[in-house]
Amino acid sequence: MVTWKNILENENPLREQVQRKVFDIDDNIQEISLRYKAPSYSLLSGGCLGVLFFYSYLYKICFSEKLIYKAGKILQKIVSDIANEKIPFSFCNGFAGTYWALTNLRNESLDGFDTLISNDNSLPRLFELGLKEIENNRYDYLHDGLGTCFPALMAVNQKESFRFLEQIVVSLYRIAEINSLECKWRSASNHRFDLGLAHGIPSIIVILSYIYEIGIQQDLCREMLNKAIRWMLRQKLSNGLLSRFPNYVSLKDSVMSFSRLGWCYGDLGIARSLWIAGNILSESEWKEEAIHIMRYSSVRRNLKDNLVMDAGLCHGAVGIAHIFNRFFQDTNIDSFKEAAIYWYKVTLGFSRFNNGIGGYKTLTSFKSERKKWTTCPDFLDGTAGIGLALTAAISEVEPKWDRCLLLS
């Protein structure tokens, strides 16, 4: 169990600035969420479940009953939408993510969630869909098959969940391109090997590590992990380039471009997958490689070069800060703390809109001549995620919510 440290405890005035910003977000995120057009049950993209997590973790540090009242209003909307809409299956914006989120919130002892998840009759159908996706090489963590593993990992004591995870491991082995030394998986487009934590091989590495940890198909998991990590490390770019790894390896050409700094793609996600796998399988070399990658990334500070254009968790400043914070908590390496503090400051700098949530908006159109900024309360791209990560920076409460981002 991680003993979470308040990374900003001795960093005034930054700690006070971050705390004020968290409460600024609280001021109007509920109101905007209740009229947001996206399905409220969606966990990561659109929806209100991220706001419920924000209230849950904010309550842990300030114990305001007003937060419980606000969460109740959001919950009513989610209940209504679940009852009246056909929910897709994916983790990003469907039942897999909804189930995981509501189960976690129930475990946080917030009232009202038992009635939403007391009936697990939908899990067999979810597992059937997830397995079919992976068997058809559609493993994308956010949008396709791999994300359906999360409900099973939470209910592994149930026979259906255990059997499903066994089948997932076998199916991943079946669709892999594997030889005596290496293992890799093509993306659904069939034209490349994806290196993003959100959509590619690093997410397979993390999920296989989670499955290994609970004792399922350990020999097969270890074989694939050893070979996949050997292949992934061989994709390193030359020293002196902006990033250590590309976004993907193309089957059409040999050009390997640099990757951005962020959660979804780039070195940070690759490093985190190596750290988690190394930690679970007791492979110190993988953890050392993760630290080398993070040290390299800690001096990448140019926003334009690293494509950091807003504050969100997915590919914005606060996601970068949070990953450096995670690594600091794990290693106590000062340069990771310094990098996290830098990116928290950058996150505060993106709060500049009078009509945003806590001053924040999300960049939804990237064309330089016509940038579009949108008020967005959601988890992955919007202000709920920003609030959650900032709350983690000023508290001693471990942010267990980040497991859904494959970070813990």
# chains A, B, ... in the order shown; residues from 1 in each chain; ligands from 1
>>> residues_around(residues="segment 301-312 of chain A", least_positions_apart="2", cutoff="10 Å", atoms="only C-alpha atoms", output="ChimeraX atom specification")
/A:242-243,258-263,266,297-299,314-321,339,342-344,346-351,360-364,366,373,376,378-387,389
>>> residues_around(residues="segment 28-42 of chain A", least_positions_apart="3", cutoff="7 Å", atoms="only C-alpha atoms", output="PyMOL selection string")
chain A and resi 25+45-49+70+74+77-78+81-82+92-94+98+357+377
>>> write_last_selection(atoms="N, CA, C and O atoms", output="PDB file, in the first residue's frame")
ATOM      1  N   ILE A  25     -12.972  25.308  -8.868  1.00  0.00           N
ATOM      2  CA  ILE A  25     -13.600  24.284  -9.717  1.00  0.00           C
ATOM      3  C   ILE A  25     -14.908  23.818  -9.093  1.00  0.00           C
ATOM      4  O   ILE A  25     -15.928  23.659  -9.768  1.00  0.00           O
ATOM      5  N   SER A  45     -14.940  10.011 -21.031  1.00  0.00           N
ATOM      6  CA  SER A  45     -15.203  11.004 -22.069  1.00  0.00           C
ATOM      7  C   SER A  45     -16.629  11.523 -21.938  1.00  0.00           C
ATOM      8  O   SER A  45     -17.590  10.794 -22.152  1.00  0.00           O
ATOM      9  N   GLY A  46     -16.767  12.800 -21.586  1.00  0.00           N
ATOM     10  CA  GLY A  46     -18.087  13.337 -21.303  1.00  0.00           C
ATOM     11  C   GLY A  46     -18.591  12.791 -19.986  1.00  0.00           C
ATOM     12  O   GLY A  46     -17.881  12.147 -19.221  1.00  0.00           O
ATOM     13  N   GLY A  47     -19.827  13.042 -19.684  1.00  0.00           N
ATOM     14  CA  GLY A  47     -20.432  12.416 -18.514  1.00  0.00           C
ATOM     15  C   GLY A  47     -20.092  13.058 -17.191  1.00  0.00           C
ATOM     16  O   GLY A  47     -19.304  14.000 -17.099  1.00  0.00           O
ATOM     17  N   CYS A  48     -20.694  12.527 -16.139  1.00  0.00           N
ATOM     18  CA  CYS A  48     -20.628  13.114 -14.799  1.00  0.00           C
ATOM     19  C   CYS A  48     -19.894  12.257 -13.785  1.00  0.00           C
ATOM     20  O   CYS A  48     -19.715  12.692 -12.642  1.00  0.00           O
ATOM     21  N   LEU A  49     -19.496  11.046 -14.155  1.00  0.00           N
ATOM     22  CA  LEU A  49     -18.873  10.181 -13.170  1.00  0.00           C
ATOM     23  C   LEU A  49     -17.548  10.741 -12.663  1.00  0.00           C
ATOM     24  O   LEU A  49     -17.182  10.567 -11.500  1.00  0.00           O
ATOM     25  N   LYS A  70     -24.267  17.870  -3.367  1.00  0.00           N
ATOM     26  CA  LYS A  70     -23.994  18.079  -4.790  1.00  0.00           C
ATOM     27  C   LYS A  70     -23.836  16.736  -5.512  1.00  0.00           C
ATOM     28  O   LYS A  70     -24.329  16.552  -6.633  1.00  0.00           O
ATOM     29  N   ILE A  74     -25.963  14.921  -8.858  1.00  0.00           N
ATOM     30  CA  ILE A  74     -25.330  14.290 -10.022  1.00  0.00           C
ATOM     31  C   ILE A  74     -25.783  12.838 -10.135  1.00  0.00           C
ATOM     32  O   ILE A  74     -26.094  12.341 -11.218  1.00  0.00           O
ATOM     33  N   LYS A  77     -29.125  12.286 -11.790  1.00  0.00           N
ATOM     34  CA  LYS A  77     -29.066  12.383 -13.251  1.00  0.00           C
ATOM     35  C   LYS A  77     -28.517  11.099 -13.865  1.00  0.00           C
ATOM     36  O   LYS A  77     -29.039  10.609 -14.879  1.00  0.00           O
ATOM     37  N   ILE A  78     -27.501  10.513 -13.241  1.00  0.00           N
ATOM     38  CA  ILE A  78     -26.926   9.274 -13.748  1.00  0.00           C
ATOM     39  C   ILE A  78     -27.950   8.148 -13.689  1.00  0.00           C
ATOM     40  O   ILE A  78     -28.104   7.372 -14.642  1.00  0.00           O
ATOM     41  N   ASP A  81     -30.406   8.569 -16.535  1.00  0.00           N
ATOM     42  CA  ASP A  81     -29.850   8.246 -17.849  1.00  0.00           C
ATOM     43  C   ASP A  81     -29.643   6.742 -18.023  1.00  0.00           C
ATOM     44  O   ASP A  81     -29.874   6.194 -19.105  1.00  0.00           O
ATOM     45  N   ILE A  82     -29.194   6.058 -16.966  1.00  0.00           N
ATOM     46  CA  ILE A  82     -29.009   4.612 -17.051  1.00  0.00           C
ATOM     47  C   ILE A  82     -30.341   3.913 -17.316  1.00  0.00           C
ATOM     48  O   ILE A  82     -30.425   2.947 -18.080  1.00  0.00           O
ATOM     49  N   CYS A  92     -14.334   3.658 -21.889  1.00  0.00           N
ATOM     50  CA  CYS A  92     -14.283   5.112 -21.974  1.00  0.00           C
ATOM     51  C   CYS A  92     -15.644   5.755 -21.760  1.00  0.00           C
ATOM     52  O   CYS A  92     -15.788   6.691 -20.969  1.00  0.00           O
ATOM     53  N   ASN A  93     -16.658   5.257 -22.454  1.00  0.00           N
ATOM     54  CA  ASN A  93     -17.968   5.916 -22.361  1.00  0.00           C
ATOM     55  C   ASN A  93     -19.123   4.923 -22.327  1.00  0.00           C
ATOM     56  O   ASN A  93     -20.214   5.221 -22.809  1.00  0.00           O
ATOM     57  N   GLY A  94     -18.880   3.749 -21.739  1.00  0.00           N
ATOM     58  CA  GLY A  94     -19.931   2.744 -21.687  1.00  0.00           C
ATOM     59  C   GLY A  94     -19.969   1.984 -20.376  1.00  0.00           C
ATOM     60  O   GLY A  94     -19.433   2.422 -19.353  1.00  0.00           O
ATOM     61  N   THR A  98     -18.645   2.547 -16.442  1.00  0.00           N
ATOM     62  CA  THR A  98     -19.692   2.879 -15.473  1.00  0.00           C
ATOM     63  C   THR A  98     -19.658   1.910 -14.300  1.00  0.00           C
ATOM     64  O   THR A  98     -19.721   2.316 -13.133  1.00  0.00           O
ATOM     65  N   ILE A 357     -14.787  26.559 -16.151  1.00  0.00           N
ATOM     66  CA  ILE A 357     -14.993  25.938 -14.843  1.00  0.00           C
ATOM     67  C   ILE A 357     -13.709  26.123 -14.052  1.00  0.00           C
ATOM     68  O   ILE A 357     -12.678  25.532 -14.377  1.00  0.00           O
ATOM     69  N   PRO A 377     -16.701  19.511 -18.330  1.00  0.00           N
ATOM     70  CA  PRO A 377     -16.529  19.044 -16.956  1.00  0.00           C
ATOM     71  C   PRO A 377     -16.019  17.615 -16.822  1.00  0.00           C
ATOM     72  O   PRO A 377     -15.902  17.113 -15.711  1.00  0.00           O
TER      73      PRO A 377
END
>>> atom_distance(atom1="atom CA of Arg244 of chain A", atom2="atom CA of Asn332 of chain A")
22.5 Å
>>> atom_distance(atom1="atom CA of Ile333 of chain A", atom2="atom CA of Ser56 of chain A")
29.2 Å
>>> closest_residue(among="A:Ser282, A:Ser365, A:Asn355, A:Asn325", to="Leu8 of chain A", atoms="only C-alpha atoms")
A:Asn325
>>> residues_around(residues="segment 184-199 of chain A", least_positions_apart="3", cutoff="8 Å", atoms="only C-alpha atoms", output="number ranges by chain")
A: 137-142, 175-178, 202-203, 227-228, 231, 246-252, 263-266, 269-270, 273, 405-406
>>> write_last_selection(atoms="C-alpha atoms", output="PDB file, in the first residue's frame")
ATOM      1  CA  ASN A 137      -7.925  -7.718 -32.887  1.00  0.00           C
ATOM      2  CA  ARG A 138      -9.815  -4.732 -31.496  1.00  0.00           C
ATOM      3  CA  TYR A 139      -8.056  -4.486 -28.161  1.00  0.00           C
ATOM      4  CA  ASP A 140      -7.979  -0.663 -27.722  1.00  0.00           C
ATOM      5  CA  TYR A 141      -8.182  -0.037 -23.955  1.00  0.00           C
ATOM      6  CA  LEU A 142     -10.442   2.992 -24.073  1.00  0.00           C
ATOM      7  CA  ILE A 175      -3.706 -12.577 -31.841  1.00  0.00           C
ATOM      8  CA  ALA A 176      -0.115 -11.637 -30.959  1.00  0.00           C
ATOM      9  CA  GLU A 177       2.735 -11.721 -33.441  1.00  0.00           C
ATOM     10  CA  ILE A 178       5.060 -13.826 -31.315  1.00  0.00           C
ATOM     11  CA  PRO A 202       1.633  -0.467 -23.058  1.00  0.00           C
ATOM     12  CA  SER A 203      -2.004  -0.923 -21.992  1.00  0.00           C
ATOM     13  CA  LYS A 227       8.664 -10.714 -24.950  1.00  0.00           C
ATOM     14  CA  ALA A 228       6.467  -7.610 -25.358  1.00  0.00           C
ATOM     15  CA  TRP A 231      10.197  -5.689 -28.277  1.00  0.00           C
ATOM     16  CA  PRO A 246       7.751   7.137 -31.044  1.00  0.00           C
ATOM     17  CA  ASN A 247       3.945   7.199 -30.937  1.00  0.00           C
ATOM     18  CA  TYR A 248       3.802   4.032 -33.010  1.00  0.00           C
ATOM     19  CA  VAL A 249       5.822   1.790 -35.299  1.00  0.00           C
ATOM     20  CA  SER A 250       4.484   1.819 -38.839  1.00  0.00           C
ATOM     21  CA  LEU A 251       4.324  -1.203 -41.115  1.00  0.00           C
ATOM     22  CA  LYS A 252       4.264   1.050 -44.186  1.00  0.00           C
ATOM     23  CA  TRP A 263      -0.808  10.343 -20.565  1.00  0.00           C
ATOM     24  CA  CYS A 264      -2.382   9.021 -23.758  1.00  0.00           C
ATOM     25  CA  TYR A 265       0.771   8.793 -25.868  1.00  0.00           C
ATOM     26  CA  GLY A 266       4.450   9.144 -25.243  1.00  0.00           C
ATOM     27  CA  GLY A 269       2.832   6.014 -20.373  1.00  0.00           C
ATOM     28  CA  ILE A 270       5.535   3.629 -21.545  1.00  0.00           C
ATOM     29  CA  SER A 273       3.712   0.388 -17.913  1.00  0.00           C
ATOM     30  CA  LEU A 405      -5.780   5.388 -16.317  1.00  0.00           C
ATOM     31  CA  LEU A 406      -3.488   2.362 -15.796  1.00  0.00           C
TER      32      LEU A 406
END
>>> atom_distance(atom1="atom CA of Phe328 of chain A", atom2="atom CA of Lys5 of chain A")
9.3 Å
>>> closest_atom_pairs(of="segment 174-241 of chain A", to="segment 160-167 of chain A", cutoff="9 Å", atoms="only C-alpha atoms", output="CSV")
residue,atom,partner,partner_atom,distance
A:Ile211,CA,A:Leu165,CA,7.2
A:Ile216,CA,A:Glu166,CA,6.4
A:Gln217,CA,A:Glu166,CA,6.3
>>> write_last_selection(atoms="C-alpha atoms", output="CSV table (one decimal), in the first residue's frame")
chain,number,residue,atom,x,y,z
A,211,ILE,CA,-4.1,-10.4,-14.4
A,216,ILE,CA,-4.4,-16.2,-13.5
A,217,GLN,CA,-2.5,-17.8,-16.4
>>> select_by_dssp(residues="segment 113-225 of chain A", states="strand (DSSP E or B)", output="NGL selection string")
:A and (177-178 or 183-184 or 192-194)
>>> closest_residue(among="A:Phe336, A:Tyr212, A:Phe63, A:Phe95", to="Leu268 of chain A", atoms="only C-alpha atoms")
A:Phe336
>>> residues_around(residues="Ile168 of chain A", least_positions_apart="6", cutoff="9 Å", atoms="only C-alpha atoms", output="list of chain:residue names")
A:Gly130, A:Leu131, A:Ile134, A:Glu135, A:Leu146, A:Cys149
>>> write_last_selection(atoms="N, CA and C atoms", output="mmCIF file, in the first residue's frame")
data_model
loop_
_atom_site.group_PDB
_atom_site.id
_atom_site.type_symbol
_atom_site.label_atom_id
_atom_site.label_comp_id
_atom_site.auth_asym_id
_atom_site.auth_seq_id
_atom_site.Cartn_x
_atom_site.Cartn_y
_atom_site.Cartn_z
ATOM 1 N N GLY A 130 -16.551 -8.065 -24.910
ATOM 2 C CA GLY A 130 -15.128 -7.737 -24.794
ATOM 3 C C GLY A 130 -14.245 -8.798 -25.403
ATOM 4 N N LEU A 131 -14.566 -10.058 -25.157
ATOM 5 C CA LEU A 131 -13.770 -11.147 -25.704
ATOM 6 C C LEU A 131 -13.856 -11.181 -27.228
ATOM 7 N N ILE A 134 -11.539 -8.516 -28.711
ATOM 8 C CA ILE A 134 -10.125 -8.881 -28.694
ATOM 9 C C ILE A 134 -9.833 -9.975 -29.709
ATOM 10 N N GLU A 135 -10.721 -10.934 -29.827
ATOM 11 C CA GLU A 135 -10.521 -11.996 -30.814
ATOM 12 C C GLU A 135 -10.488 -11.452 -32.235
ATOM 13 N N LEU A 146 -10.117 -4.335 -24.378
ATOM 14 C CA LEU A 146 -9.276 -4.461 -23.198
ATOM 15 C C LEU A 146 -9.894 -3.814 -21.949
ATOM 16 N N CYS A 149 -11.880 -5.695 -19.141
ATOM 17 C CA CYS A 149 -11.221 -6.479 -18.088
ATOM 18 C C CYS A 149 -11.414 -5.865 -16.713
#
>>> select_by_dssp(residues="segment 127-236 of chain A", states="helix (DSSP H, G or I)", output="PyMOL selection string")
chain A and resi 127-135+146-154+159-175+201-213+218-233
>>> residues_around(residues="Phe91 of chain A", least_positions_apart="5", cutoff="8 Å", atoms="only C-alpha atoms", output="number ranges by chain")
A: 43-44, 96-98, 141-144, 147-148
>>> write_last_selection(atoms="C-alpha atoms", output="compact mmCIF listing (two decimals), in the first residue's frame")
# COMPACT_ATOMS: atom_id res chain seq x y z
CA LEU A 43 -16.70 7.69 -17.07
CA LEU A 44 -13.82 9.16 -19.06
CA ALA A 96 -17.40 -1.21 -18.42
CA GLY A 97 -16.35 2.21 -17.16
CA THR A 98 -19.69 2.88 -15.47
CA TYR A 141 -8.18 -0.04 -23.95
CA LEU A 142 -10.44 2.99 -24.07
CA HIS A 143 -12.84 2.04 -26.86
CA ASP A 144 -12.67 -1.70 -27.54
CA GLY A 147 -11.24 -2.06 -20.99
CA THR A 148 -13.83 -4.76 -20.28
>>> closest_residue(among="A:Asn104, A:Ser80, A:Asn6, A:Gln17", to="Asp402 of chain A", atoms="only C-alpha atoms")
A:Asn104
>>> residues_around(residues="Tyr69 of chain A", least_positions_apart="2", cutoff="12 Å", atoms="only C-alpha atoms", output="VMD selection string")
chain A and resid 30 52 55 to 56 59 63 to 67 71 to 76 110 to 112
>>> write_last_selection(atoms="N, CA and C atoms", output="JSON list (two decimals), in the first residue's frame")
[["chain", "number", "residue", "atom", "x", "y", "z"],
["A", 30, "GLN", "N", -20.70, 21.43, -10.74],
["A", 30, "GLN", "CA", -21.95, 20.68, -10.64],
["A", 30, "GLN", "C", -23.01, 21.27, -11.58],
["A", 52, "LEU", "N", -18.31, 12.99, -9.82],
["A", 52, "LEU", "CA", -18.55, 12.26, -8.57],
["A", 52, "LEU", "C", -17.24, 11.86, -7.90],
["A", 55, "TYR", "N", -15.85, 14.97, -6.21],
["A", 55, "TYR", "CA", -16.50, 15.24, -4.93],
["A", 55, "TYR", "C", -16.06, 14.25, -3.86],
["A", 56, "SER", "N", -15.91, 12.98, -4.24],
["A", 56, "SER", "CA", -15.51, 11.96, -3.28],
["A", 56, "SER", "C", -14.15, 12.26, -2.67],
["A", 59, "TYR", "N", -14.12, 15.57, -0.61],
["A", 59, "TYR", "CA", -14.75, 15.34, 0.70],
["A", 59, "TYR", "C", -13.74, 14.75, 1.69],
["A", 63, "PHE", "N", -14.35, 17.46, 4.21],
["A", 63, "PHE", "CA", -15.49, 16.93, 4.95],
["A", 63, "PHE", "C", -16.70, 17.87, 4.95],
["A", 64, "SER", "N", -16.94, 18.53, 3.83],
["A", 64, "SER", "CA", -18.10, 19.42, 3.72],
["A", 64, "SER", "C", -19.33, 18.63, 3.29],
["A", 65, "GLU", "N", -20.40, 18.74, 4.07],
["A", 65, "GLU", "CA", -21.64, 18.04, 3.74],
["A", 65, "GLU", "C", -22.25, 18.56, 2.44],
["A", 66, "LYS", "N", -21.90, 19.78, 2.04],
["A", 66, "LYS", "CA", -22.41, 20.33, 0.78],
["A", 66, "LYS", "C", -21.97, 19.48, -0.40],
["A", 67, "LEU", "N", -20.78, 18.87, -0.29],
["A", 67, "LEU", "CA", -20.29, 18.03, -1.38],
["A", 67, "LEU", "C", -21.15, 16.78, -1.54],
["A", 71, "ALA", "N", -23.13, 15.80, -4.87],
["A", 71, "ALA", "CA", -22.95, 14.48, -5.47],
["A", 71, "ALA", "C", -24.29, 13.79, -5.66],
["A", 72, "GLY", "N", -25.20, 13.98, -4.72],
["A", 72, "GLY", "CA", -26.52, 13.37, -4.83],
["A", 72, "GLY", "C", -27.28, 13.86, -6.04],
["A", 73, "LYS", "N", -27.18, 15.12, -6.36],
["A", 73, "LYS", "CA", -27.85, 15.68, -7.54],
["A", 73, "LYS", "C", -27.28, 15.06, -8.83],
["A", 74, "ILE", "N", -25.96, 14.92, -8.86],
["A", 74, "ILE", "CA", -25.33, 14.29, -10.02],
["A", 74, "ILE", "C", -25.78, 12.84, -10.13],
["A", 75, "LEU", "N", -25.83, 12.15, -9.01],
["A", 75, "LEU", "CA", -26.22, 10.75, -9.00],
["A", 75, "LEU", "C", -27.64, 10.55, -9.53],
["A", 76, "GLN", "N", -28.54, 11.46, -9.19],
["A", 76, "GLN", "CA", -29.91, 11.38, -9.69],
["A", 76, "GLN", "C", -29.94, 11.42, -11.22],
["A", 110, "LEU", "N", -19.76, 6.11, -0.12],
["A", 110, "LEU", "CA", -20.73, 7.15, -0.43],
["A", 110, "LEU", "C", -22.09, 6.49, -0.63],
["A", 111, "ASP", "N", -23.12, 7.15, -0.15],
["A", 111, "ASP", "CA", -24.46, 6.58, -0.21],
["A", 111, "ASP", "C", -25.03, 6.61, -1.62],
["A", 112, "GLY", "N", -25.86, 5.61, -1.93],
["A", 112, "GLY", "CA", -26.66, 5.67, -3.14],
["A", 112, "GLY", "C", -26.19, 4.82, -4.29]]
>>> closest_residue(among="A:Leu313, A:Gln329, A:Leu129, A:Ser408", to="Glu396 of chain A", atoms="only C-alpha atoms")
A:Gln329
